[in-house]
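> The following file, final_22.cif, comprises mmCIF, C-alpha atoms:
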data_work
loop_
_atom_site.label_atom_id
_atom_site.label_comp_id
_atom_site.auth_asym_id
_atom_site.auth_seq_id
_atom_site.Cartn_x
_atom_site.Cartn_y
_atom_site.Cartn_z
CA MET A 1 104.54 93.92 101.99
CA SER A 2 102.47 91.25 100.22
CA LEU A 3 101.90 89.49 103.56
CA GLU A 4 100.63 92.74 105.09
CA ILE A 5 98.15 93.20 102.23
CA LEU A 6 97.00 89.58 102.61
CA LYS A 7 96.60 90.11 106.36
CA GLY A 8 94.50 93.22 105.72
CA PHE A 9 92.33 91.31 103.25
CA ILE A 10 91.70 88.53 105.78
CA ILE A 11 90.89 90.97 108.60
CA LEU A 12 88.39 92.87 106.43
CA ALA A 13 86.80 89.63 105.25
CA CYS A 14 86.44 88.44 108.86
CA ILE A 15 84.69 91.72 109.77
CA PHE A 16 82.41 92.30 106.79
CA ILE A 17 81.40 88.81 105.67
CA PRO A 18 79.68 88.00 109.01
CA LEU A 19 78.06 91.46 109.04
CA GLU A 20 76.73 90.91 105.52
CA ARG A 21 75.39 87.48 106.51
CA ILE A 22 73.58 88.81 109.60
CA PHE A 23 72.37 92.21 108.32
CA SER A 24 72.16 91.52 104.58
CA LEU A 25 70.16 93.88 102.38
CA HIS A 26 70.14 91.54 99.37
CA LYS A 27 70.53 87.78 99.52
CA GLN A 28 73.63 86.91 97.52
CA LYS A 29 76.60 84.55 97.51
CA ILE A 30 79.89 85.47 99.18
CA PHE A 31 81.79 84.47 96.03
CA ARG A 32 79.42 86.32 93.70
CA LEU A 33 80.12 87.14 90.05
CA GLY A 34 83.25 89.29 89.78
CA TRP A 35 84.58 88.39 93.25
CA ALA A 36 87.94 87.17 91.90
CA THR A 37 88.27 90.32 89.76
CA ASP A 38 87.66 92.56 92.77
CA ALA A 39 90.13 90.55 94.87
CA THR A 40 92.71 91.29 92.17
CA TYR A 41 91.90 95.01 92.44
CA PHE A 42 92.44 94.76 96.20
CA PHE A 43 96.01 93.52 95.83
CA THR A 44 97.02 95.75 92.90
CA GLY A 45 95.28 98.85 94.26
CA HIS A 46 97.68 99.14 97.18
CA PHE A 47 100.64 99.76 94.88
CA ILE A 48 98.68 102.15 92.67
CA GLY A 49 97.72 104.15 95.78
CA ARG A 50 101.39 104.42 96.74
CA ALA A 51 102.19 105.59 93.21
CA GLY A 52 99.58 108.35 93.62
CA ALA A 53 101.23 109.53 96.85
CA ILE A 54 104.61 109.61 95.09
CA VAL A 55 103.17 111.69 92.21
CA VAL A 56 101.76 114.21 94.71
CA ALA A 57 105.05 114.43 96.62
CA VAL A 58 107.13 114.87 93.44
CA THR A 59 104.72 117.48 92.03
CA LEU A 60 104.86 119.56 95.19
CA SER A 61 108.66 119.30 95.32
CA LEU A 62 108.73 120.92 91.86
CA MET A 63 106.32 123.66 92.93
CA THR A 64 108.12 124.96 96.00
CA ASP A 65 107.16 128.55 95.16
CA LEU A 66 103.52 127.70 95.82
CA LEU A 67 104.18 126.25 99.27
CA LYS A 68 103.49 128.45 102.30
CA PRO A 69 105.73 127.35 105.21
CA GLU A 70 103.99 129.64 107.73
CA LEU A 71 100.55 128.26 106.83
CA GLN A 72 101.84 124.68 106.91
CA SER A 73 103.41 125.24 110.32
CA LYS A 74 100.17 126.65 111.76
CA ILE A 75 98.10 123.76 110.43
CA ALA A 76 100.55 121.09 111.61
CA SER A 77 100.62 122.64 115.10
CA GLN A 78 96.86 122.14 115.58
CA PRO A 79 95.56 119.20 117.65
CA ILE A 80 95.34 116.01 115.59
CA TRP A 81 91.58 115.71 116.14
CA LEU A 82 91.06 119.19 114.62
CA GLN A 83 93.38 118.44 111.68
CA PHE A 84 91.47 115.19 111.14
CA LEU A 85 88.09 116.96 110.91
CA GLU A 86 89.55 119.60 108.58
CA ALA A 87 91.09 116.86 106.40
CA ILE A 88 87.70 115.16 106.01
CA VAL A 89 86.02 118.37 104.81
CA ILE A 90 88.86 119.48 102.49
CA SER A 91 89.59 116.07 101.00
CA ASP A 92 85.96 115.11 100.47
CA LEU A 93 85.19 118.46 98.85
CA ALA A 94 88.05 117.83 96.41
CA TYR A 95 86.77 114.30 95.81
CA TYR A 96 83.22 115.55 95.29
CA ILE A 97 84.43 117.81 92.46
CA ALA A 98 86.56 115.05 90.92
CA HIS A 99 83.69 112.56 91.23
CA ARG A 100 81.27 114.85 89.41
CA MET A 101 83.84 115.28 86.65
CA LEU A 102 84.04 111.48 86.32
CA HIS A 103 80.29 111.41 85.74
CA GLU A 104 79.87 114.48 83.54
CA ILE A 105 82.91 114.32 81.24
CA PRO A 106 82.32 111.47 78.73
CA TRP A 107 85.92 110.28 78.36
CA LEU A 108 86.40 110.24 82.14
CA TRP A 109 83.14 108.34 82.57
CA GLN A 110 84.62 105.48 80.53
CA PHE A 111 87.06 104.89 83.41
CA HIS A 112 84.50 105.42 86.18
CA ALA A 113 81.99 103.11 84.48
CA VAL A 114 84.21 100.21 85.54
CA HIS A 115 83.40 100.96 89.18
CA HIS A 116 79.70 101.34 88.39
CA SER A 117 79.67 97.99 86.60
CA ILE A 118 79.23 96.33 90.02
CA GLU A 119 75.93 94.46 90.06
CA HIS A 120 76.30 92.85 93.48
CA MET A 121 77.22 95.35 96.18
CA ASP A 122 79.42 94.19 99.03
CA TRP A 123 82.50 95.36 100.94
CA LEU A 124 84.90 94.10 98.25
CA ALA A 125 83.12 96.09 95.53
CA ALA A 126 84.80 99.20 96.99
CA VAL A 127 88.11 98.34 95.36
CA ARG A 128 86.83 97.90 91.79
CA VAL A 129 88.39 101.13 90.59
CA HIS A 130 90.33 101.50 87.33
CA PRO A 131 94.00 102.38 88.04
CA CYS A 132 93.73 105.63 86.02
CA GLU A 133 90.71 106.70 88.07
CA GLN A 134 92.43 105.70 91.30
CA LEU A 135 95.45 107.86 90.48
CA PHE A 136 93.22 110.77 89.43
CA THR A 137 91.06 110.76 92.58
CA GLN A 138 94.02 110.04 94.85
CA ILE A 139 95.86 113.08 93.54
CA CYS A 140 92.74 115.27 93.81
CA LYS A 141 92.11 114.19 97.40
CA MET A 142 95.65 114.23 98.73
CA MET A 143 97.19 117.22 96.95
CA PRO A 144 95.36 119.83 99.10
CA LEU A 145 96.31 118.01 102.31
CA TYR A 146 99.99 117.81 101.35
CA TRP A 147 100.01 121.43 100.21
CA LEU A 148 98.42 122.65 103.44
CA GLY A 149 100.95 120.75 105.53
CA PHE A 150 98.85 118.37 107.61
CA SER A 151 100.96 116.32 110.02
CA LYS A 152 102.04 112.74 109.29
CA GLU A 153 99.97 111.51 112.24
CA THR A 154 96.88 113.13 110.72
CA PHE A 155 97.57 111.42 107.40
CA VAL A 156 97.75 108.03 109.13
CA VAL A 157 94.48 108.55 111.00
CA TYR A 158 92.73 109.97 107.94
CA ALA A 159 93.97 107.14 105.67
CA LEU A 160 92.61 104.50 108.08
CA TYR A 161 89.29 106.31 108.41
CA SER A 162 88.97 106.84 104.66
CA ALA A 163 89.62 103.16 103.94
CA ALA A 164 87.16 102.01 106.61
CA VAL A 165 84.38 104.25 105.27
CA ALA A 166 85.05 103.12 101.68
CA PHE A 167 84.50 99.46 102.59
CA LEU A 168 81.53 100.28 104.84
CA ILE A 169 79.54 102.28 102.28
CA HIS A 170 79.73 99.46 99.73
CA ALA A 171 78.75 96.76 102.23
CA ASN A 172 75.57 94.76 101.64
CA ILE A 173 74.03 95.66 105.01
CA THR A 174 70.81 97.26 106.28
CA ILE A 175 72.16 98.73 109.54
CA LYS A 176 70.61 102.14 110.26
CA PHE A 177 72.84 104.94 111.52
CA GLY A 178 70.19 107.42 112.69
CA VAL A 179 71.21 111.08 112.70
CA LEU A 180 74.82 110.04 112.05
CA LYS A 181 73.88 109.41 108.39
CA TRP A 182 74.10 113.17 107.75
CA PHE A 183 77.70 113.43 108.98
CA VAL A 184 79.20 110.10 107.89
CA ALA A 185 78.63 108.35 104.56
CA THR A 186 76.70 105.10 105.04
CA PRO A 187 75.57 102.15 102.87
CA GLN A 188 72.08 103.69 102.83
CA PHE A 189 73.59 106.85 101.29
CA HIS A 190 76.06 105.33 98.81
CA GLN A 191 74.02 102.40 97.54
CA TRP A 192 71.73 104.87 95.75
CA HIS A 193 74.76 106.18 93.86
CA HIS A 194 75.19 102.69 92.39
CA SER A 195 71.55 102.37 91.35
CA LYS A 196 71.04 101.17 87.78
CA ILE A 197 68.68 104.12 87.21
CA PRO A 198 70.82 106.88 85.55
CA LYS A 199 68.94 109.79 87.15
CA ILE A 200 69.69 108.37 90.58
CA ASN A 201 73.30 107.28 90.13
CA ASN A 202 74.12 110.91 89.37
CA LYS A 203 73.42 111.70 93.02
CA ASN A 204 75.37 111.30 96.28
CA PHE A 205 78.86 112.14 94.98
CA ALA A 206 80.53 112.56 98.38
CA VAL A 207 82.13 109.50 99.95
CA GLN A 208 82.56 110.71 103.52
CA LEU A 209 80.42 113.77 104.15
CA PRO A 210 76.79 113.59 102.88
CA LEU A 211 76.26 117.22 103.90
CA LEU A 212 78.23 118.20 100.77
CA ASP A 213 75.54 116.65 98.57
CA LEU A 214 72.88 118.41 100.63
CA LEU A 215 74.77 121.68 100.13
CA PHE A 216 75.14 121.24 96.35
CA GLY A 217 71.67 119.84 95.75
CA THR A 218 72.72 116.32 94.75
CA LEU A 219 71.47 114.40 97.80
CA TYR A 220 69.13 111.44 97.25
CA MET A 221 68.25 109.36 100.29
CA PRO A 222 64.50 108.58 100.43
CA ALA A 223 63.33 107.30 103.80
CA GLY A 224 62.53 103.61 104.05
CA LYS A 225 63.72 102.74 100.52
CA ARG A 226 66.79 101.03 99.06
CA PRO A 227 67.81 100.40 95.43
CA ARG A 228 66.91 97.02 93.95
CA LYS A 229 69.41 96.81 91.09
CA TYR A 230 72.96 98.06 90.62
CA GLY A 231 75.20 98.47 87.59
CA VAL A 232 75.19 100.21 84.21
CA SER A 233 73.52 99.53 80.89
CA ASP A 234 76.89 99.29 79.09
CA ARG A 235 78.39 95.85 78.60
CA ILE A 236 81.60 95.89 80.62
CA PRO A 237 83.91 92.84 80.81
CA VAL A 238 83.88 90.82 84.02
CA GLY A 239 87.62 90.02 84.02
CA TYR A 240 90.38 92.27 85.37
CA ILE A 241 92.33 92.71 82.11
CA GLY A 242 89.16 93.34 80.14
CA GLN A 243 88.14 96.07 82.58
CA LEU A 244 91.58 97.67 82.38
CA LEU A 245 91.27 97.90 78.59
CA TYR A 246 87.58 98.84 78.46
CA PRO A 247 87.95 102.66 78.92
CA PHE A 248 90.60 102.92 76.21
CA PHE A 249 88.51 101.03 73.66
CA GLY A 250 85.47 103.05 74.74
CA ASN A 251 87.25 106.35 74.18
CA ILE A 252 88.59 105.22 70.81
CA LYS A 253 85.04 104.32 69.80
CA MET A 254 83.77 107.76 70.93
CA LEU A 255 86.50 109.43 68.89
CA ASN A 256 85.65 107.37 65.82
CA ASP A 257 81.97 108.25 66.20
CA LYS A 258 82.83 111.96 66.31
CA LEU A 259 85.04 111.59 63.25
CA LYS A 260 82.16 109.95 61.39
CA GLN A 261 79.84 112.80 62.39
CA GLY A 262 82.29 115.27 60.90
CA MET A 263 85.33 116.77 62.60
CA SER A 264 86.25 119.28 59.90
CA ARG A 265 85.43 122.18 62.24
CA TYR A 266 88.33 121.14 64.48
CA PHE A 267 90.78 121.56 61.62
CA ARG A 268 89.90 125.11 60.67
CA PRO A 269 92.76 127.69 60.89
CA LEU A 270 91.71 129.32 64.19
CA PRO A 271 91.28 126.10 66.24
CA VAL A 272 94.52 124.70 64.80
CA THR A 273 96.42 127.89 65.65
CA LEU A 274 94.99 128.03 69.18
CA GLY A 275 95.74 124.34 69.65
CA ALA A 276 99.35 124.81 68.53
CA ILE A 277 99.77 127.77 70.91
CA LEU A 278 98.29 125.74 73.78
CA VAL A 279 100.66 122.82 73.13
CA ALA A 280 103.67 125.18 72.87
CA VAL A 281 102.82 127.03 76.10
CA SER A 282 102.13 123.77 77.96
CA SER A 283 105.44 122.28 76.79
CA LEU A 284 107.33 125.44 77.70
CA SER A 285 105.68 125.55 81.12
CA ALA A 286 106.51 121.91 81.80
CA VAL A 287 110.19 122.29 80.83
CA SER A 288 110.56 125.52 82.82
CA LEU A 289 108.90 123.86 85.83
CA ILE A 290 111.34 120.95 85.66
CA ASN A 291 114.22 123.46 85.58
CA ARG A 292 112.58 125.38 88.47
CA MET A 293 112.41 128.66 86.58
CA ASP A 294 109.59 130.94 85.56
CA ILE A 295 108.93 131.09 81.80
CA PRO A 296 110.62 134.48 81.08
CA THR A 297 113.77 133.42 82.98
CA PHE A 298 113.83 130.09 81.15
CA ILE A 299 113.52 131.79 77.74
CA ALA A 300 116.26 134.26 78.71
CA SER A 301 118.55 131.38 79.71
CA LEU A 302 118.06 129.82 76.27
CA ASN A 303 118.89 133.09 74.51
CA SER A 304 121.99 133.66 76.63
CA GLU A 305 123.57 130.30 75.83
CA LYS A 306 126.77 130.67 73.79
CA VAL A 307 128.10 128.18 71.32
CA THR A 308 131.84 127.78 71.42
CA VAL A 309 133.75 126.37 68.46
CA ALA A 310 136.88 124.38 69.18
#
Mind turning this structure into structure tokens?

Amino acid sequence: MSLEILKGFIILACIFIPLERIFSLHKQKIFRLGWATDATYFFTGHFIGRAGAIVVAVTLSLMTDLLKPELQSKIASQPIWLQFLEAIVISDLAYYIAHRMLHEIPWLWQFHAVHHSIEHMDWLAAVRVHPCEQLFTQICKMMPLYWLGFSKETFVVYALYSAAVAFLIHANITIKFGVLKWFVATPQFHQWHHSKIPKINNKNFAVQLPLLDLLFGTLYMPAGKRPRKYGVSDRIPVGYIGQLLYPFFGNIKMLNDKLKQGMSRYFRPLPVTLGAILVAVSSLSAVSLINRMDIPTFIASLNSEKVTVA
């Protein structure tokens, strides 16, 4: 498995490094700052991606009541090319929503900021994704496809396409794609999302289908212009371990700041009561789901248990 990952790394490097030398947008070194960190993400990310697929499969196996065999059969019987196009739309729509959440929810942004810490865009920058974010987006993207029953062949084709586009849109190249730029995400489209200007990096949330951003009013792709600087204003560690820890320390700091501002309102009787009810219902739902029962049946099974004394 490790040899296959190494082979993939070498093949991608042989494709993109020459392209970035010939059609470079910004003059920069191949082994730029953070290159070793991103190479580490490349090798660890493969296993995290597999973990995400396992989580999706296990979750769906516990939610058999929500599966629709007739619908899955109809979708799987379609031509692969049609399933592939449907998978792009469905998966990228799910990713668009998840991506906006990563930007708009402060504690999620702490994880996503690691990806935006890239200051030198190139093909390898695509893999700088915190493991927690990778699991989150992987589940959001793949869950609908598994639930709908797309064929295994479609998954293979879509996975290859998705990976290729991810590396392409981060590449340091100036190649123009003409009218295709509206139907396939390109470097011209995604590089603006990594702009160091906050108002601009909250645009272009799709990673495969720019038409989604056009539809939701978040498209930013001015003709004849490209961003000059990438990154974020926050000071994020350059090393792999430091980046893994960064979101957790960031969220602890946010919590401490809120505590200093005064959190007494969260400990009033009503919020505490509602919070306790929420925790109880969530716990009950989780246990009943594991036992594959609905909540009333699960409660009834607890009440019907008899204790026998020897």
> Give me the residues within 8 Å of stretch 8-17 of chain A as a PyMOL selection string, counting only C-alpha atoms and dropping any in the same chain fewer than 6 places off.
chain A and resi 30+42+123+171
> Those residues with C-alpha atoms, as a PDB file, in the coordinates of the input please?

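part39.pdb written:
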ATOM      1  CA  ILE A  30      79.890  85.470  99.180  1.00  0.00           C
ATOM      2  CA  PHE A  42      92.440  94.760  96.200  1.00  0.00           C
ATOM      3  CA  TRP A 123      82.500  95.360 100.940  1.00  0.00           C
ATOM      4  CA  ALA A 171      78.750  96.760 102.230  1.00  0.00           C
TER       5      ALA A 171
END
> For a test of reading the model, state the distance in Å between atom CA of A:Phe111 and atom CA of A:Asp92, rounded to one decimal.
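Spanning atom CA of A:Phe111 to atom CA of A:Asp92 is a straight-line distance of 19.9 Å.
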> Pick out the residues sitting within 7 Å of A:Ser151, and hand them over as a PDB file with C-alpha atoms, in the coordinates of the input; count all atoms listed in the file, and ignore anything fewer than 3 positions along from it in its own chain.

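File written: part.pdb
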ATOM      1  CA  ALA A  76     100.550 121.090 111.610  1.00  0.00           C
ATOM      2  CA  THR A 154      96.880 113.130 110.720  1.00  0.00           C
ATOM      3  CA  PHE A 155      97.570 111.420 107.400  1.00  0.00           C
TER       4      PHE A 155
END
> Of the candidates A:Leu25, A:Ala98, A:Val157, A:Val114, which shows the shortest atom-to-atom distance to A:Leu82, using only C-alpha atoms?
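Of A:Leu25, A:Ala98, A:Val157, A:Val114, the one nearest A:Leu82 is A:Val157, counting only C-alpha atoms.
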> Please indicate the distance in Å from atom CA of A:Asp234 to atom CA of A:His130, rounded to one decimal place.
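Going from atom CA of A:Asp234 over to atom CA of A:His130 covers 15.9 Å.
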> Would you pick out the contacts of A:Phe150 at 10 Å or less, using only C-alpha atoms, so that residues sharing its chain but fewer than 4 positions from it are not included, and give the list as number ranges by chain?
A: 72-78, 80, 83-84, 86-87, 144-146, 154-155
> Would you please work out which residue, of A:Met221, A:Leu255, A:Leu214, A:Val55, is nearest to A:Trp107 when using all atoms listed in the file?
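Distance minimum relative to A:Trp107 lands on A:Leu255.
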> My list of candidates is A:Pro69, A:Gly34, A:Leu148, A:Ile97. Which is closest to A:Phe216 when distances are computed with only C-alpha atoms?
A:Ile97
